[in-house]
$ cat target.cif   # mmCIF, C-alpha atoms, pLDDT in the B column; chains and numbers go by the auth columns
data_model
#
loop_
_atom_site.group_PDB
_atom_site.id
_atom_site.type_symbol
_atom_site.label_atom_id
_atom_site.label_comp_id
_atom_site.label_asym_id
_atom_site.label_seq_id
_atom_site.Cartn_x
_atom_site.Cartn_y
_atom_site.Cartn_z
_atom_site.B_iso_or_equiv
_atom_site.auth_seq_id
_atom_site.auth_asym_id
ATOM 1 C CA MET A 1 -20.162 34.244 29.603 80.00 1 F
ATOM 2 C CA THR A 2 -18.714 37.748 29.815 90.00 2 F
ATOM 3 C CA THR A 3 -15.382 39.145 28.821 92.00 3 F
ATOM 4 C CA ARG A 4 -13.826 42.564 28.812 94.00 4 F
ATOM 5 C CA GLY A 5 -11.781 44.514 26.373 96.00 5 F
ATOM 6 C CA VAL A 6 -10.696 47.900 25.136 96.00 6 F
ATOM 7 C CA LEU A 7 -11.687 49.995 22.149 97.00 7 F
ATOM 8 C CA TYR A 8 -8.885 52.243 20.934 97.00 8 F
ATOM 9 C CA VAL A 9 -10.025 54.918 18.499 98.00 9 F
ATOM 10 C CA HIS A 10 -6.666 56.054 17.177 97.00 10 F
ATOM 11 C CA SER A 11 -7.865 58.779 14.837 97.00 11 F
ATOM 12 C CA VAL A 12 -11.183 60.107 13.622 97.00 12 F
ATOM 13 C CA PRO A 13 -12.321 63.528 12.357 97.00 13 F
ATOM 14 C CA ARG A 14 -14.220 65.515 14.976 97.00 14 F
ATOM 15 C CA ALA A 15 -17.461 65.339 12.981 96.00 15 F
ATOM 16 C CA LEU A 16 -17.494 61.523 13.275 96.00 16 F
ATOM 17 C CA CYS A 17 -16.902 61.388 17.053 97.00 17 F
ATOM 18 C CA PRO A 18 -20.626 61.338 17.945 97.00 18 F
ATOM 19 C CA HIS A 19 -21.233 58.650 15.311 96.00 19 F
ATOM 20 C CA VAL A 20 -18.542 56.462 16.872 97.00 20 F
ATOM 21 C CA GLU A 21 -20.201 56.911 20.276 97.00 21 F
ATOM 22 C CA TRP A 22 -23.612 55.998 18.829 97.00 22 F
ATOM 23 C CA ALA A 23 -22.199 52.893 17.126 96.00 23 F
ATOM 24 C CA VAL A 24 -20.527 51.725 20.353 97.00 24 F
ATOM 25 C CA ALA A 25 -23.697 52.441 22.357 96.00 25 F
ATOM 26 C CA GLY A 26 -25.729 50.467 19.852 95.00 26 F
ATOM 27 C CA VAL A 27 -23.536 47.403 20.404 96.00 27 F
ATOM 28 C CA LEU A 28 -23.283 47.706 24.188 95.00 28 F
ATOM 29 C CA GLY A 29 -26.901 48.714 24.748 94.00 29 F
ATOM 30 C CA VAL A 30 -25.976 51.605 27.048 93.00 30 F
ATOM 31 C CA ARG A 31 -25.286 55.299 26.547 94.00 31 F
ATOM 32 C CA VAL A 32 -21.603 55.892 25.782 94.00 32 F
ATOM 33 C CA GLN A 33 -19.661 59.143 26.079 94.00 33 F
ATOM 34 C CA LEU A 34 -16.006 58.846 25.128 96.00 34 F
ATOM 35 C CA ASP A 35 -13.290 61.180 26.383 96.00 35 F
ATOM 36 C CA TRP A 36 -11.782 62.674 23.226 97.00 36 F
ATOM 37 C CA THR A 37 -8.293 64.177 22.973 96.00 37 F
ATOM 38 C CA ARG A 38 -6.432 65.550 19.983 96.00 38 F
ATOM 39 C CA GLN A 39 -4.376 63.065 17.965 96.00 39 F
ATOM 40 C CA PRO A 40 -0.962 64.646 17.351 94.00 40 F
ATOM 41 C CA ALA A 41 0.002 61.984 14.768 93.00 41 F
ATOM 42 C CA ALA A 42 -2.761 63.260 12.457 94.00 42 F
ATOM 43 C CA PRO A 43 -3.589 66.929 13.057 94.00 43 F
ATOM 44 C CA GLY A 44 -7.303 67.610 12.897 94.00 44 F
ATOM 45 C CA THR A 45 -8.248 64.184 14.234 97.00 45 F
ATOM 46 C CA TRP A 46 -9.197 62.931 17.667 97.00 46 F
ATOM 47 C CA ARG A 47 -8.472 59.809 19.728 97.00 47 F
ATOM 48 C CA SER A 48 -10.137 57.970 22.592 97.00 48 F
ATOM 49 C CA GLU A 49 -9.872 54.808 24.638 96.00 49 F
ATOM 50 C CA PHE A 50 -12.806 52.954 26.150 96.00 50 F
ATOM 51 C CA SER A 51 -12.809 49.878 28.391 96.00 51 F
ATOM 52 C CA TRP A 52 -15.874 47.688 27.961 95.00 52 F
ATOM 53 C CA LYS A 53 -17.385 44.569 29.469 94.00 53 F
ATOM 54 C CA GLY A 54 -19.803 42.331 27.603 93.00 54 F
ATOM 55 C CA ARG A 55 -20.574 38.874 26.332 92.00 55 F
ATOM 56 C CA ALA A 56 -18.103 36.906 24.238 93.00 56 F
ATOM 57 C CA GLY A 57 -18.345 38.223 20.678 94.00 57 F
ATOM 58 C CA THR A 58 -18.706 41.874 21.661 96.00 58 F
ATOM 59 C CA ALA A 59 -15.320 42.772 20.128 96.00 59 F
ATOM 60 C CA SER A 60 -16.515 41.382 16.798 96.00 60 F
ATOM 61 C CA GLU A 61 -19.736 43.381 17.026 97.00 61 F
ATOM 62 C CA LEU A 62 -17.830 46.586 17.833 98.00 62 F
ATOM 63 C CA ALA A 63 -15.432 46.060 14.926 97.00 63 F
ATOM 64 C CA SER A 64 -18.354 45.381 12.574 97.00 64 F
ATOM 65 C CA ALA A 65 -20.166 48.528 13.733 97.00 65 F
ATOM 66 C CA LEU A 66 -17.084 50.670 13.077 97.00 66 F
ATOM 67 C CA ARG A 67 -15.615 49.092 9.952 92.00 67 F
ATOM 68 C CA GLY A 68 -15.945 50.764 6.614 83.00 68 F
ATOM 69 C CA TRP A 69 -15.581 54.362 7.789 88.00 69 F
ATOM 70 C CA ASP A 70 -12.788 55.602 5.545 86.00 70 F
ATOM 71 C CA LEU A 71 -11.405 58.159 7.986 93.00 71 F
ATOM 72 C CA LEU A 72 -11.353 55.988 11.109 97.00 72 F
ATOM 73 C CA ARG A 73 -8.402 54.108 12.597 97.00 73 F
ATOM 74 C CA PHE A 74 -9.218 51.810 15.503 98.00 74 F
ATOM 75 C CA GLU A 75 -8.409 48.645 17.396 98.00 75 F
ATOM 76 C CA VAL A 76 -10.685 46.481 19.523 98.00 76 F
ATOM 77 C CA THR A 77 -9.387 43.849 21.902 96.00 77 F
ATOM 78 C CA ALA A 78 -11.158 41.221 23.971 96.00 78 F
ATOM 79 C CA GLU A 79 -9.617 39.128 26.704 95.00 79 F
ATOM 80 C CA PRO A 80 -10.009 35.354 26.597 93.00 80 F
ATOM 81 C CA CYS A 81 -12.750 33.902 28.771 90.00 81 F
ATOM 82 C CA PRO A 82 -13.840 30.321 29.540 88.00 82 F
ATOM 83 C CA ALA A 83 -16.187 30.363 26.536 85.00 83 F
ATOM 84 C CA ALA A 84 -13.956 32.046 23.934 90.00 84 F
ATOM 85 C CA GLU A 85 -10.411 32.883 22.928 92.00 85 F
ATOM 86 C CA GLY A 86 -9.274 36.490 23.015 95.00 86 F
ATOM 87 C CA GLU A 87 -9.557 38.666 19.934 96.00 87 F
ATOM 88 C CA ARG A 88 -7.904 41.646 18.342 97.00 88 F
ATOM 89 C CA TYR A 89 -9.275 43.728 15.497 98.00 89 F
ATOM 90 C CA SER A 90 -7.254 46.474 13.816 97.00 90 F
ATOM 91 C CA SER A 91 -8.573 48.780 11.119 97.00 91 F
ATOM 92 C CA THR A 92 -7.028 51.472 8.953 96.00 92 F
ATOM 93 C CA PRO A 93 -8.409 53.362 5.958 95.00 93 F
ATOM 94 C CA GLY A 94 -5.797 51.935 3.585 94.00 94 F
ATOM 95 C CA LEU A 95 -5.620 48.346 4.804 96.00 95 F
ATOM 96 C CA GLY A 96 -9.153 47.630 5.942 96.00 96 F
ATOM 97 C CA ILE A 97 -9.716 45.318 8.887 96.00 97 F
ATOM 98 C CA PHE A 98 -7.461 42.676 10.441 97.00 98 F
ATOM 99 C CA HIS A 99 -8.654 40.015 12.867 97.00 99 F
ATOM 100 C CA ALA A 100 -6.584 37.746 15.068 96.00 100 F
ATOM 101 C CA VAL A 101 -7.348 35.252 17.784 96.00 101 F
ATOM 102 C CA THR A 102 -5.241 35.893 20.878 95.00 102 F
ATOM 103 C CA GLY A 103 -4.162 33.630 23.683 90.00 103 F
ATOM 104 C CA MET A 104 -4.161 34.272 27.395 87.00 104 F
ATOM 105 C CA HIS A 105 -0.915 36.284 27.188 87.00 105 F
ATOM 106 C CA GLY A 106 -1.986 38.376 24.206 87.00 106 F
ATOM 107 C CA ASP A 107 -0.034 36.376 21.626 92.00 107 F
ATOM 108 C CA ILE A 108 -1.611 36.009 18.199 95.00 108 F
ATOM 109 C CA LEU A 109 -2.689 32.432 17.533 95.00 109 F
ATOM 110 C CA VAL A 110 -2.529 31.575 13.837 96.00 110 F
ATOM 111 C CA PRO A 111 -4.727 28.639 12.777 95.00 111 F
ATOM 112 C CA GLU A 112 -2.933 25.693 11.219 96.00 112 F
ATOM 113 C CA ASP A 113 -4.842 25.907 7.927 97.00 113 F
ATOM 114 C CA ARG A 114 -3.824 29.540 7.432 96.00 114 F
ATOM 115 C CA LEU A 115 -0.164 28.640 8.038 96.00 115 F
ATOM 116 C CA ARG A 116 -0.404 25.737 5.585 97.00 116 F
ATOM 117 C CA ALA A 117 -2.014 27.976 2.948 97.00 117 F
ATOM 118 C CA ALA A 118 0.693 30.634 3.396 97.00 118 F
ATOM 119 C CA LEU A 119 3.416 28.010 3.051 96.00 119 F
ATOM 120 C CA ALA A 120 1.749 26.534 -0.042 97.00 120 F
ATOM 121 C CA ARG A 121 1.512 29.960 -1.742 97.00 121 F
ATOM 122 C CA SER A 122 5.157 30.567 -0.930 96.00 122 F
ATOM 123 C CA LEU A 123 6.273 27.171 -2.266 96.00 123 F
ATOM 124 C CA ARG A 124 4.346 27.789 -5.509 97.00 124 F
ATOM 125 C CA GLY A 125 6.218 31.098 -5.882 96.00 125 F
ATOM 126 C CA GLU A 126 3.050 33.163 -5.540 96.00 126 F
ATOM 127 C CA SER A 127 4.314 35.066 -2.511 95.00 127 F
ATOM 128 C CA ASP A 128 7.171 35.510 -0.086 96.00 128 F
ATOM 129 C CA LEU A 129 6.887 33.434 3.109 96.00 129 F
ATOM 130 C CA GLU A 130 8.136 36.293 5.289 96.00 130 F
ATOM 131 C CA ALA A 131 5.452 38.610 3.880 96.00 131 F
ATOM 132 C CA GLU A 132 2.816 35.905 4.352 96.00 132 F
ATOM 133 C CA VAL A 133 3.738 35.434 8.019 96.00 133 F
ATOM 134 C CA ALA A 134 3.836 39.211 8.540 97.00 134 F
ATOM 135 C CA GLY A 135 0.299 39.429 7.167 96.00 135 F
ATOM 136 C CA LEU A 136 -0.914 36.603 9.394 97.00 136 F
ATOM 137 C CA LEU A 137 0.480 38.454 12.419 97.00 137 F
ATOM 138 C CA GLY A 138 -0.972 41.838 11.394 96.00 138 F
ATOM 139 C CA LYS A 139 2.378 43.535 10.868 97.00 139 F
ATOM 140 C CA PRO A 140 1.147 45.936 8.152 97.00 140 F
ATOM 141 C CA TRP A 141 -1.571 47.175 10.547 97.00 141 F
ATOM 142 C CA ASP A 142 0.900 47.410 13.442 96.00 142 F
ATOM 143 C CA ASP A 143 3.297 49.405 11.259 96.00 143 F
ATOM 144 C CA GLU A 144 0.604 51.869 10.228 95.00 144 F
ATOM 145 C CA LEU A 145 -0.946 52.236 13.690 96.00 145 F
ATOM 146 C CA GLU A 146 2.240 52.462 15.758 94.00 146 F
ATOM 147 C CA SER A 147 2.600 56.243 15.494 93.00 147 F
ATOM 148 C CA PHE A 148 -1.075 56.608 16.496 95.00 148 F
ATOM 149 C CA ARG A 149 -0.740 54.365 19.555 91.00 149 F
ATOM 150 C CA HIS A 150 1.635 56.612 21.461 82.00 150 F
ATOM 151 C CA ALA A 151 -0.217 58.807 23.926 58.00 151 F
ATOM 152 C CA GLY A 152 -0.169 62.426 22.881 54.00 152 F
ATOM 153 C CA GLU A 153 -0.046 65.426 25.125 51.00 153 F
ATOM 154 C CA GLY A 154 -3.036 65.367 27.438 54.00 154 F
ATOM 155 C CA ALA A 155 -4.095 61.859 26.429 54.00 155 F
ATOM 156 C CA PRO A 156 -4.980 59.496 29.247 54.00 156 F
ATOM 157 C CA VAL A 157 -2.284 56.946 29.957 46.00 157 F
ATOM 158 C CA ARG A 158 -3.180 53.776 31.806 46.00 158 F
ATOM 159 C CA TRP A 159 -0.370 51.850 33.466 41.00 159 F
ATOM 160 C CA LEU A 160 -1.046 48.166 33.910 41.00 160 F
ATOM 161 C CA HIS A 161 0.739 46.322 36.684 39.00 161 F
ATOM 162 C CA GLN A 162 1.096 42.618 37.216 39.00 162 F
ATOM 163 C CA VAL A 163 1.894 41.137 40.569 43.00 163 F
ATOM 164 C CA VAL A 164 3.949 37.966 40.309 37.00 164 F
#
$ encode --input "target.cif" --output "structure tokens"
Amino acid sequence: MTTRGVLYVHSVPRALCPHVEWAVAGVLGVRVQLDWTRQPAAPGTWRSEFSWKGRAGTASELASALRGWDLLRFEVTAEPCPAAEGERYSSTPGLGIFHAVTGMHGDILVPEDRLRAALARSLRGESDLEAEVAGLLGKPWDDELESFRHAGEGAPVRWLHQVV
């Protein structure tokens, strides 16, 4: 079963750009050449966006291939398909990687056991419930990546339209 998704490289030093392309090519099994533009939110870094199509699980493989590079900020999304839920991975140097399952409308689906564990930690006074829920929804990653998500001058902008 195939799905499709998008890789957003939000910021990476120029020297790592070819390594990102090689990592993506290694997962997809085809030669990949990304269109790089300057990232105004972090001078000296570059950004790119790449739409992909592959089997369910490809988003996980892409995130695994890219994780651990200290100077790389990225997100990988996969649309739901008949064989799998959608996925979203976000990664920043300071926070590491975040994974969420997404529904057909892009909403994050939090598993019941993770909600119960967050509530239990909160009730025991180990954490704040609001902070727990924010973590489950990826808010710290969203907060850090938001300034990188906005298209800079010369960056490709893709408008998505839905016909109702």
$ residues_near_point --input "target.cif" --point "(-10.2, 34.1, 27.8)" --cutoff "10 Å" --atoms "only C-alpha atoms" --output "ChimeraX atom specification"
/F:2-4,56,78-87,102-106
$ resolve_selection --input "target.cif" --expression "the PyMOL selection byres ((chain F and resi 100) around 8)" --output "PyMOL selection string"
chain F and resi 87-89+98-99+101-102+108-110+137-138
$ closest_residue --input "target.cif" --among "F:Glu49, F:Glu144, F:Glu132, F:Asp107" --to "Thr37 (chain F)" --atoms "all atoms listed in the file"
F:Glu49
$ residues_around --input "target.cif" --residues "Val9 (chain F)" --least-positions-apart "6" --cutoff "8 Å" --atoms "only C-alpha atoms" --output "MDAnalysis selection string"
chainID F and resid 47:49 72:75
$ write_last_selection --input "target.cif" --atoms "C-alpha atoms" --output "CSV table (one decimal), in the frame of the given file"
chain,number,residue,atom,x,y,z
F,47,ARG,CA,-8.5,59.8,19.7
F,48,SER,CA,-10.1,58.0,22.6
F,49,GLU,CA,-9.9,54.8,24.6
F,72,LEU,CA,-11.4,56.0,11.1
F,73,ARG,CA,-8.4,54.1,12.6
F,74,PHE,CA,-9.2,51.8,15.5
F,75,GLU,CA,-8.4,48.6,17.4
$ closest_residue --input "target.cif" --among "F:Leu62, F:Leu34, F:Trp52, F:Trp69" --to "Pro13 (chain F)" --atoms "all atoms listed in the file"
F:Trp69
$ closest_residue --input "target.cif" --among "F:Gly5, F:Pro111, F:Gly135, F:Gly96" --to "Leu66 (chain F)" --atoms "only C-alpha atoms"
F:Gly96
$ atom_distance --input "target.cif" --atom1 "CA of Val32 (chain F)" --atom2 "CA of Thr45 (chain F)"
19.5 Å
$ resolve_selection --input "target.cif" --expression "the PyMOL selection byres ((chain F and resi 6) around 6)" --output "VMD selection string"
chain F and resid 5 7 50 to 52 76 to 77
$ write_last_selection --input "target.cif" --atoms "C-alpha atoms" --output "PDB file, keeping the file's coordinate frame"
ATOM      1  CA  GLY F   5     -11.781  44.514  26.373  1.00 96.00           C
ATOM      2  CA  LEU F   7     -11.687  49.995  22.149  1.00 97.00           C
ATOM      3  CA  PHE F  50     -12.806  52.954  26.150  1.00 96.00           C
ATOM      4  CA  SER F  51     -12.809  49.878  28.391  1.00 96.00           C
ATOM      5  CA  TRP F  52     -15.874  47.688  27.961  1.00 95.00           C
ATOM      6  CA  VAL F  76     -10.685  46.481  19.523  1.00 98.00           C
ATOM      7  CA  THR F  77      -9.387  43.849  21.902  1.00 96.00           C
TER       8      THR F  77
END
$ resolve_selection --input "target.cif" --expression "the PyMOL selection byres ((chain F and resi 118) around 10)" --output "ChimeraX atom specification"
/F:112-117,119-123,126-133,135-136
$ atom_distance --input "target.cif" --atom1 "CA of Ala134 (chain F)" --atom2 "CA of Arg67 (chain F)"
21.9 Å
$ atom_distance --input "target.cif" --atom1 "CA of Thr92 (chain F)" --atom2 "CA of Trp141 (chain F)"
7.1 Å
$ build_atoms --input "target.cif" --residues "region 5-25 of chain F" --atoms "N, CA and C atoms" --output "PDB file, keeping the file's coordinate frame"
ATOM      1  N   GLY F   5     -12.734  44.110  27.386  1.00 96.00           N
ATOM      2  CA  GLY F   5     -11.781  44.514  26.373  1.00 96.00           C
ATOM      3  C   GLY F   5     -11.655  46.014  26.329  1.00 96.00           C
ATOM      4  N   VAL F   6     -10.941  46.472  25.305  1.00 96.00           N
ATOM      5  CA  VAL F   6     -10.696  47.900  25.136  1.00 96.00           C
ATOM      6  C   VAL F   6     -10.913  48.267  23.673  1.00 96.00           C
ATOM      7  N   LEU F   7     -11.566  49.383  23.467  1.00 97.00           N
ATOM      8  CA  LEU F   7     -11.687  49.995  22.149  1.00 97.00           C
ATOM      9  C   LEU F   7     -10.716  51.163  22.113  1.00 97.00           C
ATOM     10  N   TYR F   8      -9.818  51.141  21.150  1.00 97.00           N
ATOM     11  CA  TYR F   8      -8.885  52.243  20.934  1.00 97.00           C
ATOM     12  C   TYR F   8      -9.289  52.914  19.631  1.00 97.00           C
ATOM     13  N   VAL F   9      -9.785  54.133  19.705  1.00 98.00           N
ATOM     14  CA  VAL F   9     -10.025  54.918  18.499  1.00 98.00           C
ATOM     15  C   VAL F   9      -8.766  55.752  18.328  1.00 98.00           C
ATOM     16  N   HIS F  10      -7.964  55.397  17.346  1.00 97.00           N
ATOM     17  CA  HIS F  10      -6.666  56.054  17.177  1.00 97.00           C
ATOM     18  C   HIS F  10      -6.776  57.396  16.464  1.00 97.00           C
ATOM     19  N   SER F  11      -7.665  57.487  15.493  1.00 97.00           N
ATOM     20  CA  SER F  11      -7.865  58.779  14.837  1.00 97.00           C
ATOM     21  C   SER F  11      -9.197  58.792  14.110  1.00 97.00           C
ATOM     22  N   VAL F  12      -9.887  59.907  14.263  1.00 97.00           N
ATOM     23  CA  VAL F  12     -11.183  60.107  13.622  1.00 97.00           C
ATOM     24  C   VAL F  12     -11.419  61.621  13.527  1.00 97.00           C
ATOM     25  N   PRO F  13     -11.984  62.102  12.429  1.00 97.00           N
ATOM     26  CA  PRO F  13     -12.321  63.528  12.357  1.00 97.00           C
ATOM     27  C   PRO F  13     -13.374  63.871  13.411  1.00 97.00           C
ATOM     28  N   ARG F  14     -13.325  65.076  13.905  1.00 97.00           N
ATOM     29  CA  ARG F  14     -14.220  65.515  14.976  1.00 97.00           C
ATOM     30  C   ARG F  14     -15.694  65.278  14.639  1.00 97.00           C
ATOM     31  N   ALA F  15     -16.064  65.485  13.379  1.00 96.00           N
ATOM     32  CA  ALA F  15     -17.461  65.339  12.981  1.00 96.00           C
ATOM     33  C   ALA F  15     -17.970  63.902  13.150  1.00 96.00           C
ATOM     34  N   LEU F  16     -17.076  62.918  13.132  1.00 96.00           N
ATOM     35  CA  LEU F  16     -17.494  61.523  13.275  1.00 96.00           C
ATOM     36  C   LEU F  16     -17.503  61.038  14.724  1.00 96.00           C
ATOM     37  N   CYS F  17     -16.964  61.817  15.649  1.00 97.00           N
ATOM     38  CA  CYS F  17     -16.902  61.388  17.053  1.00 97.00           C
ATOM     39  C   CYS F  17     -18.268  60.975  17.604  1.00 97.00           C
ATOM     40  N   PRO F  18     -19.330  61.771  17.420  1.00 97.00           N
ATOM     41  CA  PRO F  18     -20.626  61.338  17.945  1.00 97.00           C
ATOM     42  C   PRO F  18     -21.131  60.057  17.283  1.00 97.00           C
ATOM     43  N   HIS F  19     -20.804  59.857  16.018  1.00 96.00           N
ATOM     44  CA  HIS F  19     -21.233  58.650  15.311  1.00 96.00           C
ATOM     45  C   HIS F  19     -20.536  57.412  15.867  1.00 96.00           C
ATOM     46  N   VAL F  20     -19.269  57.568  16.239  1.00 97.00           N
ATOM     47  CA  VAL F  20     -18.542  56.462  16.872  1.00 97.00           C
ATOM     48  C   VAL F  20     -19.212  56.122  18.199  1.00 97.00           C
ATOM     49  N   GLU F  21     -19.537  57.141  18.991  1.00 97.00           N
ATOM     50  CA  GLU F  21     -20.201  56.911  20.276  1.00 97.00           C
ATOM     51  C   GLU F  21     -21.547  56.207  20.080  1.00 97.00           C
ATOM     52  N   TRP F  22     -22.313  56.623  19.086  1.00 97.00           N
ATOM     53  CA  TRP F  22     -23.612  55.998  18.829  1.00 97.00           C
ATOM     54  C   TRP F  22     -23.436  54.539  18.409  1.00 97.00           C
ATOM     55  N   ALA F  23     -22.434  54.267  17.572  1.00 96.00           N
ATOM     56  CA  ALA F  23     -22.199  52.893  17.126  1.00 96.00           C
ATOM     57  C   ALA F  23     -21.819  51.994  18.307  1.00 96.00           C
ATOM     58  N   VAL F  24     -20.945  52.497  19.177  1.00 97.00           N
ATOM     59  CA  VAL F  24     -20.527  51.725  20.353  1.00 97.00           C
ATOM     60  C   VAL F  24     -21.714  51.515  21.286  1.00 97.00           C
ATOM     61  N   ALA F  25     -22.505  52.550  21.499  1.00 96.00           N
ATOM     62  CA  ALA F  25     -23.697  52.441  22.357  1.00 96.00           C
ATOM     63  C   ALA F  25     -24.686  51.433  21.787  1.00 96.00           C
TER      64      ALA F  25
END
